[in-house]
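Take a look at the structure below.
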Amino acid sequence: MIDINKIRKDFPILNRQVNGKPLVYFDNAATSQTPQQVIDVIVDYYSNYNANIHRGVHALSQEATDKYEAARHTIQKHFNAKQAYEVIFTSGTTHSINLVANGFTSILKKGDQLIVSALEHHSNIVPWQMLCEKTGAILKVIPMTPEGELDMEAYDALLNDKTKLVFVNHISNALGTINPIKSIIDKAHKFGAAVLIDGAQASPHIKPDVQALDVDFYVTSAHKICGPTGVGMLYGKEEWLNKMEPYQGGGEMIDQVTFEKTTYAGLPHKFEAGTPNICGGIAFGAALDYMNAIGFDNIAEYEHELLNYGTKQLQDIEGLKIYGTSKNKTSVISFNLEGIHPYDVGTLLDKMGIAVRTGHHCAQPIMDYFKIPGTVRASFAFYNTKEEIDTLVQGVKKAKMMLS
Amino acid sequence: MQTIKEIQDEIIDEFSMFEDWEERYQYMIDLGKSLPLIAPEYKTESNIIKGCQSKVWVHAELDNDKIAFTADSDAIITKGIIAILVRAFSNQHPKDILDANTDFIDQIGLKEHLSPTRANGLVSMIKQIKMYAIAYQTQIQ
């Protein structure tokens, strides 16, 4: 059970007003809000032990290094990675995906096949297209069904001995569909293909076990999970990380440097060139601690309740159509009012203090599939309430009245 | 013939009568609905203004050394904003359009739409209008 009153007190931003109205924050799929516990960690870092890590002999540097590496262990434990060095700190999901795509440049050959899904965010499409251009590999697409689910029979037909990589999101950002990633991974492994799962949307709702999933790469961003922006992680199986070439050259990632030849450092440092987002990494760990203290089962149960309530309330509005109607979805409701542009609805909701996202949600192929310019997307977090959903429903009705 | 400044003052006057955002936005929505549509042949890919979440088409024609703007959008509030811009800048000399400032947007309570991050691209629309003015100004000279 969730103590919603206690939880809401943890988030100072939820007390503010927008356009003279109490903020209703339903843009959680874009970024989550930050609890005081995480803000305190950030303030503590800059107030007490801000220093560059790993090679400093002085006390501050040691302390910062210890905390940063402790955060890596927290992340390892959370995702159940076998080794801490299989957790690479990155600037976020996009960086993680680009790192893997770059790492495969020398592994792929012309004519190799990669499989992407029709449900992806642009950040899990474009880096692979760039990789295909560089290597001559071919990109294949798993199509989606009208419910916004992946067509698994079509996936079966796409897999073959030439398939080298499959990349799919755990949960669709535009529709909220939870994809059957275990089955996707197992099927790919039968053909020797590696699988990358984009967990940016799943991480706030689900605690994945990367060993049980047997996934090769799992990526996410801290800011989706109550952490700060500009930091994220790449989990990669040791064997793959060792095969991949480094992404960026610089300090920290080297073993020996001479002008004749440089040898690279071992994992995870090989992929962590330069001074990282130290404070961000530590706060990332604190955010996971915060979420785990509430419990992911509790979070999922409560958010599911919000999803069911919101879906029912919104569906009752005449002319409102929900996109993404899979039975397996998280607390994301993507919708449009008949004959009304999503941008207009979003603009008016903003005037009422309600934050939603409008547009194509960086998933243009999905919008093309439904032949719409975009949707209004309300995404709920564990600190939202049914009363806030009522405010949204009233707001949508008012917007509809004004725009019709 | 009203000057751009006179038209802008008139718009400011009209907006000053509204008491809250609802009246202001309802007016913009109504303006959007009444905006004369762009001729279908000008609703082309090349007339689309980039940087808008909604699609915006602007077409300009020179008539007696004055520029006539027609425009359209698939979002009604955006269309209302364009209607205000068309009213302020259409049928004016290119030089006057180039010299005109756009402070009136601020004064009618639409400042938030001027932020560069705003997805409606009001800034891009004004830029496009000024670009047409530069182009036609050169043509006249």
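Ligands are numbered from 1 in the order shown, residues from 1 within each chain, and chains are lettered A, B, ... in the order they appear in the structure tokens.
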Give as a ChimeraX atom specification every residue of chain B that touches chain A within 8 Å, counting only C-alpha atoms.
-> /B:21,26,29,53-54,74-78
Show me, as a short mmCIF file (atom, residue, chain, number, x, y, z; two decimals) with C-alpha atoms, in the first residue's frame, the residues that have an atom within 9 Å of Trp128 in chain A when counting only C-alpha atoms, minus same-chain residues fewer than 5 positions from it.
data_model
loop_
_atom_site.label_atom_id
_atom_site.label_comp_id
_atom_site.auth_asym_id
_atom_site.auth_seq_id
_atom_site.Cartn_x
_atom_site.Cartn_y
_atom_site.Cartn_z
CA ILE A 97 22.23 3.45 -27.19
CA ASN A 98 24.74 5.45 -29.21
CA ALA A 101 25.67 1.27 -31.74
CA ASN A 102 29.19 2.67 -32.03
CA LEU A 114 19.29 -5.65 -37.34
CA VAL A 116 13.94 -2.68 -34.58
CA SER A 123 16.57 7.59 -30.06
CA GLU A 133 24.96 3.42 -43.11
CA LEU A 139 17.44 -2.60 -40.68
#
Residues flagged strand (DSSP E) by DSSP in chain B, as a list in words | Val56, Trp57, Val58, His59, Ala60, Glu61, Leu62, Asp63, Lys66, Ile67, Ala68, Phe69, Thr70, Ala71, Asp72 and Ser73 of chain B
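CA of Asp9 in chain B is positioned 17.8 Å from CA of Leu98 in chain B.
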Pull the helix (DSSP H, G or I) assignments for range 278-325 of chain A out of DSSP run on the backbone, and list those residues as a ChimeraX atom specification.
-> /A:278-294,296-315
Quick one: write out the picked residues with N, CA and C atoms as a CSV table (one decimal), in the first residue's frame?
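This is the output file selection36.csv:
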chain,number,residue,atom,x,y,z
A,278,ILE,N,29.4,13.2,-11.7
A,278,ILE,CA,29.6,12.6,-10.4
A,278,ILE,C,28.4,12.7,-9.5
A,279,CYS,N,28.0,14.0,-9.3
A,279,CYS,CA,26.8,14.2,-8.5
A,279,CYS,C,25.6,13.5,-9.0
A,280,GLY,N,25.4,13.6,-10.3
A,280,GLY,CA,24.3,12.9,-10.9
A,280,GLY,C,24.3,11.4,-10.7
A,281,GLY,N,25.4,10.8,-10.8
A,281,GLY,CA,25.5,9.4,-10.5
A,281,GLY,C,25.1,9.0,-9.1
A,282,ILE,N,25.6,9.8,-8.2
A,282,ILE,CA,25.3,9.5,-6.7
A,282,ILE,C,23.8,9.7,-6.5
A,283,ALA,N,23.3,10.8,-7.1
A,283,ALA,CA,21.9,11.1,-6.9
A,283,ALA,C,21.0,10.0,-7.6
A,284,PHE,N,21.5,9.4,-8.7
A,284,PHE,CA,20.8,8.3,-9.4
A,284,PHE,C,20.7,7.1,-8.4
A,285,GLY,N,21.7,6.8,-7.7
A,285,GLY,CA,21.7,5.8,-6.6
A,285,GLY,C,20.7,6.1,-5.6
A,286,ALA,N,20.7,7.4,-5.1
A,286,ALA,CA,19.7,7.8,-4.1
A,286,ALA,C,18.3,7.7,-4.6
A,287,ALA,N,18.1,8.0,-5.8
A,287,ALA,CA,16.7,7.9,-6.4
A,287,ALA,C,16.2,6.5,-6.4
A,288,LEU,N,17.1,5.5,-6.7
A,288,LEU,CA,16.7,4.1,-6.7
A,288,LEU,C,16.4,3.7,-5.3
A,289,ASP,N,17.3,4.2,-4.3
A,289,ASP,CA,17.0,3.8,-2.9
A,289,ASP,C,15.6,4.3,-2.5
A,290,TYR,N,15.3,5.6,-2.9
A,290,TYR,CA,14.0,6.1,-2.6
A,290,TYR,C,12.8,5.3,-3.1
A,291,MET,N,13.0,4.9,-4.4
A,291,MET,CA,11.9,4.2,-5.1
A,291,MET,C,11.8,2.8,-4.4
A,292,ASN,N,12.9,2.2,-4.1
A,292,ASN,CA,12.9,0.8,-3.6
A,292,ASN,C,12.3,0.8,-2.1
A,293,ALA,N,12.5,1.9,-1.4
A,293,ALA,CA,11.9,2.0,-0.1
A,293,ALA,C,10.4,2.0,-0.2
A,294,ILE,N,9.9,2.6,-1.2
A,294,ILE,CA,8.4,2.6,-1.4
A,294,ILE,C,8.0,1.2,-1.9
A,296,PHE,N,8.6,-1.3,-5.6
A,296,PHE,CA,8.1,-1.3,-7.0
A,296,PHE,C,6.8,-2.0,-7.2
A,297,ASP,N,6.5,-3.0,-6.3
A,297,ASP,CA,5.2,-3.7,-6.4
A,297,ASP,C,4.1,-2.7,-6.0
A,298,ASN,N,4.4,-2.0,-4.9
A,298,ASN,CA,3.4,-1.0,-4.4
A,298,ASN,C,3.2,0.1,-5.5
A,299,ILE,N,4.3,0.5,-6.1
A,299,ILE,CA,4.2,1.6,-7.1
A,299,ILE,C,3.3,1.1,-8.3
A,300,ALA,N,3.6,-0.2,-8.8
A,300,ALA,CA,2.9,-0.7,-9.9
A,300,ALA,C,1.4,-0.9,-9.6
A,301,GLU,N,1.1,-1.3,-8.4
A,301,GLU,CA,-0.3,-1.6,-8.1
A,301,GLU,C,-1.0,-0.2,-8.0
A,302,TYR,N,-0.4,0.8,-7.4
A,302,TYR,CA,-1.1,2.1,-7.3
A,302,TYR,C,-1.3,2.7,-8.7
A,303,GLU,N,-0.2,2.7,-9.5
A,303,GLU,CA,-0.3,3.3,-10.8
A,303,GLU,C,-1.3,2.6,-11.7
A,304,HIS,N,-1.4,1.3,-11.5
A,304,HIS,CA,-2.4,0.6,-12.3
A,304,HIS,C,-3.8,1.0,-11.9
A,305,GLU,N,-4.0,1.3,-10.7
A,305,GLU,CA,-5.3,1.8,-10.2
A,305,GLU,C,-5.6,3.2,-10.9
A,306,LEU,N,-4.5,4.0,-10.9
A,306,LEU,CA,-4.7,5.3,-11.6
A,306,LEU,C,-5.0,5.2,-13.1
A,307,LEU,N,-4.3,4.2,-13.7
A,307,LEU,CA,-4.5,4.0,-15.1
A,307,LEU,C,-6.0,3.6,-15.4
A,308,ASN,N,-6.5,2.6,-14.6
A,308,ASN,CA,-7.8,2.1,-14.8
A,308,ASN,C,-8.8,3.3,-14.6
A,309,TYR,N,-8.6,4.0,-13.5
A,309,TYR,CA,-9.5,5.1,-13.2
A,309,TYR,C,-9.5,6.2,-14.3
A,310,GLY,N,-8.3,6.6,-14.7
A,310,GLY,CA,-8.2,7.6,-15.8
A,310,GLY,C,-8.8,7.1,-17.1
A,311,THR,N,-8.5,5.9,-17.4
A,311,THR,CA,-9.0,5.3,-18.7
A,311,THR,C,-10.5,5.4,-18.7
A,312,LYS,N,-11.1,5.0,-17.6
A,312,LYS,CA,-12.6,4.9,-17.5
A,312,LYS,C,-13.2,6.3,-17.6
A,313,GLN,N,-12.6,7.3,-16.8
A,313,GLN,CA,-13.1,8.6,-16.8
A,313,GLN,C,-12.9,9.3,-18.2
A,314,LEU,N,-11.8,9.1,-18.8
A,314,LEU,CA,-11.6,9.8,-20.1
A,314,LEU,C,-12.4,9.2,-21.2
A,315,GLN,N,-12.6,7.8,-21.1
A,315,GLN,CA,-13.4,7.2,-22.2
A,315,GLN,C,-14.8,7.6,-22.2
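Each of B:Lys43, B:Asp103, B:Leu62, B:Asp72 was checked against Leu31 in chain B using only C-alpha atoms; the smallest atom-to-atom distance is that of B:Asp72.
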What's the 10 Å shell around Pro22 in chain A, counting only C-alpha atoms, without same-chain residues fewer than 6 positions away, as a compact mmCIF listing (two decimals) with C-alpha atoms, in the first residue's frame?
# COMPACT_ATOMS: atom_id res chain seq x y z
CA LEU A 14 3.91 19.47 -6.30
CA ASN A 15 3.06 22.46 -4.10
CA ARG A 16 3.62 25.06 -6.75
CA MET A 352 -5.52 25.30 -16.30
CA GLY A 353 -2.28 24.25 -14.61
CA ILE A 354 -2.29 20.75 -16.10
CA GLU A 388 -5.80 15.15 -10.13
Which residues are close to Arg24 in chain B, i.e. within 12 Å by only C-alpha atoms, leaving aside same-chain residues fewer than 6 positions away? Reply as a compact mmCIF listing (two decimals) with N, CA and C atoms, in the first residue's frame.
# COMPACT_ATOMS: atom_id res chain seq x y z
N LEU A 348 -4.60 24.60 -23.87
CA LEU A 348 -5.65 25.00 -22.93
C LEU A 348 -5.47 24.32 -21.57
N LYS A 351 -3.09 26.20 -19.51
CA LYS A 351 -3.67 27.39 -18.89
C LYS A 351 -4.40 27.02 -17.59
N MET A 402 -14.53 24.63 -25.47
CA MET A 402 -13.98 25.86 -26.05
C MET A 402 -13.59 25.68 -27.51
N ILE B 11 -5.62 46.04 -31.88
CA ILE B 11 -5.63 44.66 -31.33
C ILE B 11 -5.42 44.69 -29.82
N ILE B 12 -4.48 45.54 -29.38
CA ILE B 12 -4.22 45.66 -27.93
C ILE B 12 -5.50 46.11 -27.22
N GLU B 14 -8.61 45.67 -28.15
CA GLU B 14 -9.58 44.57 -28.12
C GLU B 14 -9.25 43.58 -27.01
N PHE B 15 -7.97 43.25 -26.92
CA PHE B 15 -7.57 42.25 -25.92
C PHE B 15 -7.68 42.78 -24.50
N SER B 16 -7.59 44.09 -24.34
CA SER B 16 -7.64 44.66 -22.99
C SER B 16 -9.02 44.50 -22.36
N MET B 17 -10.00 44.19 -23.21
CA MET B 17 -11.37 44.03 -22.68
C MET B 17 -11.56 42.67 -22.00
N PHE B 18 -10.67 41.74 -22.28
CA PHE B 18 -10.85 40.40 -21.71
C PHE B 18 -10.38 40.35 -20.27
N ASP B 30 -11.94 31.75 -31.86
CA ASP B 30 -12.92 32.28 -32.82
C ASP B 30 -12.22 32.94 -34.01
N LEU B 31 -11.15 33.67 -33.71
CA LEU B 31 -10.36 34.27 -34.80
C LEU B 31 -9.82 33.19 -35.73
N ILE B 77 -5.80 27.17 -32.28
CA ILE B 77 -5.20 28.28 -31.53
C ILE B 77 -4.05 28.89 -32.33
N GLY B 80 -5.47 31.07 -34.78
CA GLY B 80 -5.87 32.34 -34.19
C GLY B 80 -4.68 33.29 -34.08
N ILE B 81 -3.55 32.75 -33.69
CA ILE B 81 -2.34 33.57 -33.59
C ILE B 81 -1.93 34.09 -34.97
N ILE B 108 -0.69 41.75 -25.48
CA ILE B 108 -2.01 41.11 -25.51
C ILE B 108 -2.00 39.79 -24.74
N GLY B 109 -0.94 39.61 -23.95
CA GLY B 109 -0.92 38.45 -23.05
C GLY B 109 -0.53 37.15 -23.73
N LEU B 110 0.16 37.24 -24.84
CA LEU B 110 0.57 36.01 -25.53
C LEU B 110 2.08 35.82 -25.46
